[in-house]
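Asker: Below you'll find input.cif; it's mmCIF, C-alpha atoms and all ligand atoms.
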```
data_input
#
loop_
_atom_site.label_atom_id
_atom_site.label_comp_id
_atom_site.auth_asym_id
_atom_site.auth_seq_id
_atom_site.Cartn_x
_atom_site.Cartn_y
_atom_site.Cartn_z
CA MET J 1 0.00 0.00 0.00
CA LEU J 2 2.80 2.36 1.05
CA LYS J 3 4.78 1.31 -2.01
CA HIS J 4 1.80 2.09 -4.15
CA ALA J 5 1.45 5.51 -2.55
CA ILE J 6 5.14 6.21 -3.15
CA SER J 7 5.00 5.19 -6.78
CA THR J 8 1.89 7.28 -7.33
CA LEU J 9 3.59 10.21 -5.62
CA ALA J 10 6.63 9.78 -7.86
CA LEU J 11 4.37 10.11 -10.86
CA VAL J 12 2.84 13.29 -9.59
CA MET J 13 6.34 14.69 -9.06
CA LEU J 14 7.53 13.98 -12.61
CA PRO J 15 9.02 16.98 -14.41
CA ALA J 16 6.37 19.16 -15.98
CA MET J 17 7.99 18.74 -19.42
CA SER J 18 5.25 16.38 -20.55
CA ALA J 19 1.84 15.12 -19.58
CA PHE J 20 1.10 12.16 -17.41
CA SER J 21 -2.29 10.86 -16.54
CA ILE J 22 -3.12 8.18 -14.02
CA GLU J 23 -6.50 7.73 -12.41
CA PRO J 24 -7.71 5.29 -9.75
CA ALA J 25 -8.71 1.99 -11.31
CA VAL J 26 -12.34 1.64 -12.35
CA THR J 27 -13.93 -1.49 -10.88
CA GLN J 28 -16.29 -4.15 -12.30
CA VAL J 29 -15.06 -3.58 -15.84
CA VAL J 30 -15.55 -6.40 -18.34
CA LEU J 31 -14.33 -4.65 -21.48
CA GLY J 32 -11.87 -1.81 -22.07
CA ILE J 33 -10.86 -0.28 -25.38
CA HIS J 34 -8.51 2.36 -26.76
CA GLY J 35 -8.26 4.22 -30.03
CA GLY J 36 -4.75 5.55 -29.54
CA THR J 37 -3.47 8.76 -28.02
CA GLY J 38 -5.04 10.75 -30.84
CA SER J 39 -4.45 14.28 -31.98
CA ALA J 40 -3.79 17.47 -30.03
CA LYS J 41 -6.74 18.76 -28.05
CA LYS J 42 -6.48 22.19 -29.63
CA GLU J 43 -6.96 20.62 -33.08
CA MET J 44 -10.09 18.70 -32.07
CA THR J 45 -13.34 19.92 -33.61
CA PRO J 46 -16.74 19.18 -32.04
CA GLU J 47 -17.71 17.18 -35.18
CA HIS J 48 -14.62 15.00 -35.01
CA GLU J 49 -15.04 14.47 -31.30
CA LYS J 50 -18.58 13.29 -31.92
CA GLU J 51 -17.45 10.85 -34.62
CA LEU J 52 -14.76 9.43 -32.36
CA ARG J 53 -17.10 9.04 -29.41
CA THR J 54 -19.72 7.35 -31.56
CA ASP J 55 -17.22 4.83 -32.93
CA LEU J 56 -15.77 4.09 -29.51
CA GLU J 57 -19.26 3.56 -28.11
CA ARG J 58 -20.18 1.29 -31.00
CA ALA J 59 -17.03 -0.75 -30.38
CA LEU J 60 -17.88 -1.10 -26.69
CA GLN J 61 -21.45 -2.11 -27.50
CA ALA J 62 -20.29 -4.71 -30.04
CA GLY J 63 -17.81 -6.21 -27.58
CA TYR J 64 -20.19 -6.11 -24.65
CA ALA J 65 -22.90 -7.85 -26.69
CA GLN J 66 -20.48 -10.71 -27.32
CA LEU J 67 -19.82 -11.07 -23.60
CA GLN J 68 -23.54 -11.47 -22.95
CA LYS J 69 -23.84 -14.52 -25.21
CA PRO J 70 -23.85 -17.89 -23.44
CA GLY J 71 -20.36 -19.36 -23.44
CA ALA J 72 -18.81 -16.31 -25.13
CA SER J 73 -15.14 -15.72 -24.55
CA GLY J 74 -13.16 -12.55 -23.96
CA LEU J 75 -11.60 -13.20 -27.36
CA ASP J 76 -15.01 -12.76 -29.03
CA ALA J 77 -15.43 -9.40 -27.28
CA VAL J 78 -11.92 -8.21 -28.14
CA GLU J 79 -12.27 -9.21 -31.78
CA ALA J 80 -15.75 -7.67 -32.16
CA ALA J 81 -14.73 -4.35 -30.57
CA ILE J 82 -11.55 -4.06 -32.61
CA ARG J 83 -13.33 -4.87 -35.88
CA VAL J 84 -15.60 -1.87 -35.38
CA LEU J 85 -12.56 0.39 -34.92
CA GLU J 86 -10.73 -1.20 -37.88
CA ASP J 87 -13.72 -0.48 -40.12
CA SER J 88 -13.84 3.17 -39.03
CA PRO J 89 -11.67 5.67 -40.99
CA HIS J 90 -10.95 7.57 -37.77
CA PHE J 91 -8.35 5.28 -36.25
CA ASN J 92 -4.95 4.09 -37.37
CA ALA J 93 -6.03 0.49 -37.95
CA GLY J 94 -7.77 -1.20 -40.86
CA LYS J 95 -9.56 1.44 -42.95
CA GLY J 96 -7.86 4.47 -41.35
CA ALA J 97 -4.29 3.12 -41.44
CA VAL J 98 -1.39 5.53 -41.92
CA PHE J 99 0.96 5.39 -44.92
CA THR J 100 4.50 4.07 -45.07
CA HIS J 101 7.33 6.14 -46.53
CA GLU J 102 6.56 4.44 -49.86
CA GLY J 103 2.88 5.40 -49.71
CA ARG J 104 1.49 1.99 -48.84
CA ASN J 105 -0.56 0.72 -45.89
CA GLU J 106 1.05 -2.13 -43.96
CA LEU J 107 -1.02 -3.43 -41.06
CA ASP J 108 -0.10 -5.31 -37.88
CA ALA J 109 -2.36 -6.99 -35.29
CA SER J 110 -2.28 -9.50 -32.46
CA ILE J 111 -4.62 -11.22 -30.03
CA MET J 112 -4.03 -13.31 -26.91
CA GLU J 113 -6.00 -15.15 -24.26
CA GLY J 114 -4.87 -15.49 -20.67
CA LYS J 115 -5.94 -19.02 -19.73
CA ALA J 116 -3.76 -21.24 -21.92
CA LYS J 117 -1.81 -18.18 -23.11
CA ARG J 118 -2.53 -18.85 -26.74
CA GLY J 119 -1.83 -16.02 -29.13
CA GLY J 120 -1.86 -15.11 -32.80
CA ALA J 121 -0.55 -12.21 -34.87
CA VAL J 122 -0.03 -10.86 -38.37
CA ALA J 123 2.50 -8.26 -39.48
CA GLY J 124 2.96 -6.15 -42.59
CA VAL J 125 -0.26 -7.22 -44.29
CA THR J 126 -1.75 -5.12 -47.08
CA ILE J 127 -4.94 -6.82 -48.29
CA ILE J 128 -6.64 -8.28 -45.21
CA LYS J 129 -9.68 -6.15 -44.32
CA ASN J 130 -9.68 -7.05 -40.62
CA PRO J 131 -6.19 -7.93 -39.38
CA ILE J 132 -7.48 -8.73 -35.87
CA THR J 133 -9.56 -11.59 -37.30
CA ALA J 134 -6.50 -12.78 -39.21
CA ALA J 135 -4.51 -12.73 -35.95
CA ARG J 136 -7.17 -14.83 -34.25
CA THR J 137 -7.25 -17.22 -37.18
CA VAL J 138 -3.47 -17.66 -36.98
CA MET J 139 -3.94 -18.50 -33.30
CA GLU J 140 -6.80 -20.94 -33.83
CA LYS J 141 -6.14 -22.48 -37.24
CA SER J 142 -2.36 -22.58 -37.67
CA LYS J 143 0.45 -24.10 -35.66
CA HIS J 144 2.21 -20.71 -35.49
CA VAL J 145 1.88 -17.49 -33.52
CA LEU J 146 3.01 -14.79 -35.96
CA LEU J 147 2.71 -14.75 -39.74
CA ALA J 148 4.13 -11.87 -41.77
CA GLY J 149 3.53 -10.35 -45.18
CA ARG J 150 2.58 -12.54 -48.10
CA GLY J 151 2.45 -15.71 -46.01
CA ALA J 152 -0.11 -14.16 -43.69
CA GLU J 153 -2.15 -12.94 -46.65
CA VAL J 154 -2.16 -16.31 -48.44
CA PHE J 155 -3.13 -17.99 -45.17
CA ALA J 156 -5.94 -15.50 -44.46
CA SER J 157 -7.29 -15.87 -47.96
CA SER J 158 -7.16 -19.70 -47.76
CA MET J 159 -9.15 -19.46 -44.52
CA GLY J 160 -11.89 -17.47 -46.26
CA LEU J 161 -11.18 -14.12 -44.57
CA GLU J 162 -12.26 -10.96 -46.34
CA ILE J 163 -9.60 -9.77 -48.78
CA VAL J 164 -9.63 -6.24 -50.22
CA ASP J 165 -7.66 -4.31 -52.80
CA PRO J 166 -4.85 -2.30 -51.11
CA SER J 167 -6.67 0.86 -52.24
CA TYR J 168 -9.41 0.07 -49.70
CA PHE J 169 -7.07 1.44 -47.01
CA TRP J 170 -6.51 4.77 -48.79
CA THR J 171 -8.18 7.68 -46.99
CA GLU J 172 -7.99 11.37 -47.80
CA PRO J 173 -6.86 12.67 -44.37
CA ARG J 174 -4.04 10.13 -44.06
CA TRP J 175 -2.94 10.84 -47.62
CA ARG J 176 -2.85 14.57 -46.93
CA GLN J 177 -0.88 13.88 -43.76
CA ILE J 178 1.82 11.90 -45.56
CA GLN J 179 1.98 14.41 -48.42
CA LYS J 180 2.88 17.12 -45.93
CA VAL J 181 5.70 15.02 -44.52
CA TRP J 182 7.05 14.19 -47.96
CA GLU J 183 6.88 17.82 -49.00
CA LYS J 184 8.90 18.85 -45.96
CA GLU J 185 11.36 16.04 -46.52
CA ARG J 186 11.80 17.14 -50.15
CA ARG J 187 12.50 20.69 -49.10
CA GLY J 188 15.13 19.22 -46.83
CA ASP J 189 14.69 21.92 -44.22
CA SER J 190 15.90 20.10 -41.15
CA LYS J 191 13.90 22.28 -38.75
CA GLU J 192 10.69 21.70 -40.68
CA LYS J 193 11.56 18.05 -41.11
CA SER J 194 11.92 17.48 -37.40
CA ALA J 195 8.73 19.48 -36.74
CA ALA J 196 6.88 17.22 -39.19
CA ILE J 197 8.24 14.09 -37.57
CA GLU J 198 7.43 15.55 -34.17
CA SER J 199 3.79 16.16 -35.10
CA LEU J 200 3.45 12.62 -36.43
CA ARG J 201 4.97 11.27 -33.26
CA ARG J 202 2.12 12.70 -31.28
CA GLU J 203 -0.42 10.82 -33.39
CA TRP J 204 -0.59 7.34 -32.04
CA SER J 205 -4.01 6.11 -32.98
CA THR J 206 -3.66 2.37 -32.90
CA VAL J 207 -6.68 0.52 -31.46
CA GLY J 208 -6.93 -2.16 -28.81
CA ALA J 209 -9.21 -4.00 -26.41
CA VAL J 210 -9.04 -6.00 -23.18
CA ALA J 211 -11.85 -8.19 -21.89
CA LEU J 212 -12.83 -10.38 -18.96
CA ASP J 213 -15.41 -13.05 -19.69
CA LYS J 214 -17.92 -14.69 -17.37
CA ALA J 215 -15.64 -17.70 -16.88
CA GLY J 216 -13.00 -15.30 -15.48
CA SER J 217 -10.72 -15.46 -18.48
CA LEU J 218 -8.85 -12.44 -19.83
CA ALA J 219 -8.09 -11.54 -23.44
CA ALA J 220 -6.30 -8.68 -25.19
CA GLY J 221 -5.87 -7.52 -28.76
CA THR J 222 -4.28 -4.67 -30.71
CA SER J 223 -4.49 -3.55 -34.35
CA THR J 224 -2.59 -0.82 -36.19
CA GLY J 225 -1.31 0.71 -39.39
CA GLY J 226 1.93 1.32 -37.46
CA MET J 227 3.91 4.54 -37.54
CA SER J 228 3.25 7.13 -40.20
CA ASN J 229 6.10 7.41 -42.73
CA LYS J 230 7.62 4.17 -41.38
CA MET J 231 10.16 2.30 -43.48
CA PHE J 232 8.73 -0.40 -45.66
CA GLY J 233 8.93 -3.66 -43.70
CA ARG J 234 9.03 -1.97 -40.28
CA VAL J 235 7.12 -3.95 -37.66
CA GLY J 236 6.02 -2.25 -34.44
CA ASP J 237 4.95 -3.49 -31.05
CA SER J 238 1.30 -4.18 -31.86
CA PRO J 239 1.80 -7.69 -33.29
CA ILE J 240 4.45 -8.58 -30.70
CA LEU J 241 3.03 -10.47 -27.72
CA GLY J 242 4.57 -9.07 -24.57
CA ALA J 243 5.19 -5.66 -26.17
CA GLY J 244 1.89 -4.25 -27.48
CA THR J 245 -0.43 -7.02 -26.30
CA TYR J 246 -0.45 -9.53 -23.46
CA ALA J 247 -2.94 -11.56 -21.42
CA ASP J 248 -2.42 -13.76 -18.38
CA ASN J 249 -5.30 -14.88 -16.16
CA GLU J 250 -2.97 -14.76 -13.17
CA SER J 251 -2.38 -11.05 -13.64
CA CYS J 252 -3.96 -8.92 -16.35
CA ALA J 253 -4.66 -8.16 -20.00
CA VAL J 254 -2.89 -5.22 -21.66
CA SER J 255 -3.02 -3.39 -24.98
CA GLY J 256 -0.78 -0.43 -25.75
CA THR J 257 -0.39 2.45 -28.15
CA GLY J 258 2.55 4.73 -28.71
CA HIS J 259 6.07 4.69 -30.06
CA GLY J 260 6.36 0.99 -30.85
CA GLU J 261 10.14 0.75 -30.75
CA TYR J 262 10.05 1.72 -27.05
CA PHE J 263 7.19 -0.67 -26.33
CA ILE J 264 9.23 -3.52 -27.80
CA ARG J 265 12.41 -2.58 -25.94
CA PHE J 266 10.60 -2.25 -22.63
CA ALA J 267 8.37 -5.31 -23.21
CA VAL J 268 5.62 -3.04 -21.93
CA ALA J 269 2.60 -5.34 -21.82
CA HIS J 270 4.52 -8.23 -20.25
CA GLU J 271 6.28 -5.94 -17.79
CA ILE J 272 2.95 -4.69 -16.46
CA SER J 273 1.74 -8.26 -16.16
CA VAL J 274 4.75 -9.38 -14.11
CA LEU J 275 4.50 -6.40 -11.76
CA VAL J 276 0.94 -7.49 -10.99
CA LYS J 277 1.78 -11.17 -10.83
CA TYR J 278 5.00 -11.27 -8.84
CA LYS J 279 5.14 -7.88 -7.09
CA ARG J 280 1.41 -7.98 -6.40
CA MET J 281 1.08 -4.38 -7.48
CA PRO J 282 -2.42 -2.99 -8.06
CA ILE J 283 -3.17 -2.63 -11.74
CA GLU J 284 -3.07 1.15 -11.84
CA ALA J 285 0.30 1.31 -10.09
CA ALA J 286 1.83 -1.39 -12.30
CA ALA J 287 0.57 0.14 -15.54
CA ALA J 288 1.55 3.66 -14.50
CA ASP J 289 5.01 2.53 -13.42
CA VAL J 290 5.78 1.09 -16.83
CA VAL J 291 4.31 4.03 -18.74
CA ARG J 292 6.46 6.30 -16.56
CA GLN J 293 9.57 4.24 -17.38
CA LEU J 294 8.75 4.75 -21.04
CA GLN J 295 8.41 8.47 -20.51
CA THR J 296 11.76 8.69 -18.75
CA ALA J 297 13.35 6.99 -21.75
CA GLY J 298 11.56 9.33 -24.20
CA GLY J 299 8.86 6.90 -25.33
CA GLU J 300 5.39 8.35 -25.78
CA GLY J 301 2.24 6.33 -25.31
CA GLY J 302 -0.32 4.77 -23.06
CA VAL J 303 -1.96 1.46 -22.23
CA ILE J 304 -5.24 -0.04 -21.16
CA ALA J 305 -4.96 -2.76 -18.54
CA LEU J 306 -7.60 -4.98 -16.96
CA ASP J 307 -6.93 -7.38 -14.12
CA ALA J 308 -8.66 -10.67 -13.42
CA LYS J 309 -10.90 -8.99 -10.81
CA GLY J 310 -12.23 -6.43 -13.28
CA ASN J 311 -10.10 -3.45 -12.23
CA PHE J 312 -9.35 -1.27 -15.23
CA SER J 313 -6.65 1.36 -15.62
CA ALA J 314 -5.53 3.49 -18.57
CA PRO J 315 -2.44 5.63 -17.85
CA PHE J 316 -0.78 7.69 -20.61
CA ASN J 317 2.14 10.07 -20.89
CA THR J 318 0.59 12.01 -23.78
CA GLU J 319 -2.07 14.69 -23.91
CA GLY J 320 -4.84 12.19 -24.45
CA LEU J 321 -5.81 8.56 -24.83
CA TYR J 322 -9.04 7.77 -26.63
CA ARG J 323 -10.46 5.13 -24.34
CA GLY J 324 -13.55 3.63 -22.84
CA TYR J 325 -14.91 0.78 -20.83
CA ALA J 326 -18.05 -1.26 -20.26
CA LYS J 327 -18.93 -2.44 -16.77
CA SER J 328 -20.61 -5.76 -15.98
CA ASP J 329 -23.97 -3.97 -15.62
CA GLY J 330 -23.67 -2.59 -19.15
CA THR J 331 -22.66 0.96 -18.17
CA ILE J 332 -20.44 2.45 -20.87
CA LYS J 333 -18.02 5.35 -20.59
CA VAL J 334 -15.81 6.99 -23.23
CA MET J 335 -13.02 9.55 -22.63
CA LEU J 336 -10.60 11.30 -24.99
CA TYR J 337 -8.27 13.39 -22.85
CA GLU J 338 -7.75 13.72 -19.13
CA ASN J 339 -10.86 13.09 -17.18
N1 LIG A 1 2.35 1.37 -31.47
C1 LIG A 1 2.13 1.54 -32.88
C2 LIG A 1 3.41 1.22 -33.61
O1 LIG A 1 4.46 1.67 -33.19
C3 LIG A 1 1.69 2.92 -33.26
C4 LIG A 1 0.51 3.47 -32.50
O2 LIG A 1 0.30 3.11 -31.35
O3 LIG A 1 -0.24 4.29 -33.07
O4 LIG A 1 3.35 0.58 -34.62
#
```
Re-express the file's structure as structure tokens.
Ligand code: ASP
Answerer:
Amino acid sequence: MLKHAISTLALVMLPAMSAFSIEPAVTQVVLGIHGGTGSAKKEMTPEHEKELRTDLERALQAGYAQLQKPGASGLDAVEAAIRVLEDSPHFNAGKGAVFTHEGRNELDASIMEGKAKRGGAVAGVTIIKNPITAARTVMEKSKHVLLAGRGAEVFASSMGLEIVDPSYFWTEPRWRQIQKVWEKERRGDSKEKSAAIESLRREWSTVGAVALDKAGSLAAGTSTGGMSNKMFGRVGDSPILGAGTYADNESCAVSGTGHGEYFIRFAVAHEISVLVKYKRMPIEAAAADVVRQLQTAGGEGGVIALDAKGNFSAPFNTEGLYRGYAKSDGTIKVMLYEN
């Protein structure tokens, strides 16, 4: 308890150079979601805020409905919620994915359940409409955990998953975003170039979900277009179990969003899980501790974390984290920035 108080105090005392948000855990949560850290608050319009809130609510409703079905698993809820966000153009996953440096969309996703610790993932896919479903299919229908590129696409297609033309992932706002970066890169102005990279850095809008089913089993999933202007072939944390996604019934389920290279190096999702499991830290202290470590190292981002008792926490070291949860009684709440 004292330890917890100290670690929370340490967070409050962090240098004012950047934001940090940690709130007391919400209890009786069965489903949590995130839509990334999003864009700067000052750039948010009321229309866009409404669109985001509507999509996040729809995702929560879709996931919660799965949890109400007899025998449904947390995996069903995670997959259903993430599919809604993948199909929306407002998040960096599926339809709203960012562009690579070459002007393509390369998607990553993973899913995991906390009972037998089974997991599945796809990386660098360009024609699979819903990468989260492909990740689950890898988990359930192949003998592997992670399939990349063409192999993942051939597998998904052979399993009857929905395949789309790569142009399906093209959206006007993302295209305009990458054009600006390229234009600045062409001009070669190093100040402008770093400002452009800086502004992209702040836009982490990967999506994810964590769920606790009626049998007491946890599940987590994450889906993304990765980092804007990333090198072709770059794989982030989202399809890496232990980095962007993790689930263990003895501790918690985690999904992250932020600068993927840091999430991989710090094994963020797994690290939170072991703090809960072996150090017996409460979920909000464990999650905040790891997000603070990231911040100290210069890694931006946030996580959603749900423990096996239904305590939910969503700390972030950015201005916002699009997030929401559904409680066991069906209450739904969505937040974009600090509460
Ligand atoms: N974590 C993702 C990646 O690095 C990006 C994001 O969260 O938006 O690929």
Asker: Let me have all residues with an atom within 6 Å of ligand LIG 1 (chain A), counting all atoms listed in the file, laid out as a list in words.
Answerer: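 With all atoms listed in the file and a cut-off of 6 Å, ligand LIG 1 (chain A) is contacted by Gly36, Trp204, Ser205, Thr206, Gly226, Met227, Gly236, Asp237, Ser238, Thr257, Gly258, His259 and Gly260 of chain J.
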Asker: Measuring between all atoms listed in the file, which one of J:Val78, J:Ile132, J:Ala287, J:Ala121 shows the shortest distance to Leu147 (chain J)?
Answerer: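 Checking each of J:Val78, J:Ile132, J:Ala287, J:Ala121 against Leu147 (chain J), counting all atoms listed in the file, the winner is J:Ala121.
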Asker: Scan for residues within 12 Å of the point (-11.1, -5.9, -45.3) in the coordinates of the file, using only C-alpha atoms, and reply as a VMD selection string.
Answerer: chain J and resid 83 to 84 86 to 88 93 to 97 107 125 to 134 153 156 to 157 160 to 169
Asker: As a VMD selection string, please: the residues near Met112 (chain J) (cut-off 9 Å, all atoms listed in the file, same-chain neighbours under 4 positions excluded).
Answerer: chain J and resid 75 117 to 121 136 139 218 to 221 241 245 to 248 253
Asker: Of the residues J:Ala267, J:Met231, J:Ala305, J:Ala135, which is the one nearest to Ser251 (chain J), using all atoms listed in the file?
Answerer: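 For Ser251 (chain J), the nearest of the given residues is J:Ala305.
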Asker: I need the residue nearest Glu106 (chain J) from this list: J:Pro173, J:Gly242, J:Gly225, J:Gly302. Use all atoms listed in the file for the distance.
Answerer: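 Smallest distance to Glu106 (chain J) is found for J:Gly225.
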Asker: Measure the distance from CA of Arg280 (chain J) to CA of Val254 (chain J) in Å and round it to one decimal.
Answerer: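 Separation of CA of Arg280 (chain J) and CA of Val254 (chain J): 16.1 Å.
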Asker: Which value, in Å to one decimal, gives the distance between CA of Glu113 (chain J) and CA of Phe312 (chain J)?
Answerer: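 Separation of CA of Glu113 (chain J) and CA of Phe312 (chain J): 16.9 Å.
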Asker: Figure out the distance between CA of Val303 (chain J) and CA of Arg58 (chain J), please, to one decimal in Å.
Answerer: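 It comes out at 20.2 Å.
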Asker: Can I get the residues of region 77-162 of chain J within 10 Å of region 177-185 of chain J, each with the closest pair of atoms and their distance in Å to one decimal, using only C-alpha atoms, sorted chain first then ascending number, as a Markdown table?
Answerer:
```
| residue | atom | partner | partner_atom | distance |
| --- | --- | --- | --- | --- |
| J:Val98 | CA | J:Ile178 | CA | 8.0 |
| J:Phe99 | CA | J:Ile178 | CA | 6.6 |
| J:Thr100 | CA | J:Ile178 | CA | 8.3 |
| J:His101 | CA | J:Ile178 | CA | 8.0 |
| J:Glu102 | CA | J:Ile178 | CA | 9.8 |
| J:Gly103 | CA | J:Ile178 | CA | 7.8 |
```
Asker: With only C-alpha atoms as the atoms that count, which of J:Glu43, J:Val29, J:Leu56, J:Ile22 lies nearest to Lys327 (chain J)?
Answerer: J:Val29
Asker: Could you check which of J:Ala152, J:Val210, J:Val276, J:Ala297 is closest to Thr222 (chain J), using only C-alpha atoms?
Answerer: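 Among the listed residues, the smallest separation from Thr222 (chain J) belongs to J:Val210.
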Asker: Leaving out Ser217 (chain J) and any residue of its chain fewer than 6 positions from it, which residues lie within 12 Å of it when counting only C-alpha atoms, given as a compact mmCIF listing (two decimals) with C-alpha atoms, keeping the file's coordinate frame?
Answerer:
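part_38.txt written:
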```txt
# COMPACT_ATOMS: atom_id res chain seq x y z
CA VAL J 30 -15.55 -6.40 -18.34
CA LEU J 31 -14.33 -4.65 -21.48
CA LEU J 67 -19.82 -11.07 -23.60
CA GLY J 71 -20.36 -19.36 -23.44
CA ALA J 72 -18.81 -16.31 -25.13
CA SER J 73 -15.14 -15.72 -24.55
CA GLY J 74 -13.16 -12.55 -23.96
CA LEU J 75 -11.60 -13.20 -27.36
CA ASP J 76 -15.01 -12.76 -29.03
CA ALA J 77 -15.43 -9.40 -27.28
CA MET J 112 -4.03 -13.31 -26.91
CA GLU J 113 -6.00 -15.15 -24.26
CA GLY J 114 -4.87 -15.49 -20.67
CA LYS J 115 -5.94 -19.02 -19.73
CA ALA J 116 -3.76 -21.24 -21.92
CA LYS J 117 -1.81 -18.18 -23.11
CA VAL J 210 -9.04 -6.00 -23.18
CA ALA J 211 -11.85 -8.19 -21.89
CA ALA J 247 -2.94 -11.56 -21.42
CA ASP J 248 -2.42 -13.76 -18.38
CA ASN J 249 -5.30 -14.88 -16.16
CA GLU J 250 -2.97 -14.76 -13.17
CA SER J 251 -2.38 -11.05 -13.64
CA CYS J 252 -3.96 -8.92 -16.35
CA ALA J 253 -4.66 -8.16 -20.00
CA LEU J 306 -7.60 -4.98 -16.96
CA ASP J 307 -6.93 -7.38 -14.12
CA ALA J 308 -8.66 -10.67 -13.42
CA LYS J 309 -10.90 -8.99 -10.81
CA GLY J 310 -12.23 -6.43 -13.28
```
Asker: Contacts of Asn317 (chain J) at 7 Å or less, counting only C-alpha atoms, minus same-chain residues fewer than 3 places along, as a ChimeraX atom specification?
Answerer: /J:19-21,291,295,300-302
Asker: Which residue, J:Ala326, J:His90, J:Ser228, J:Ala269, has the smallest gap to Asp55 (chain J) when you use all atoms listed in the file?
Answerer: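 Closest to Asp55 (chain J) of all the choices is J:His90.
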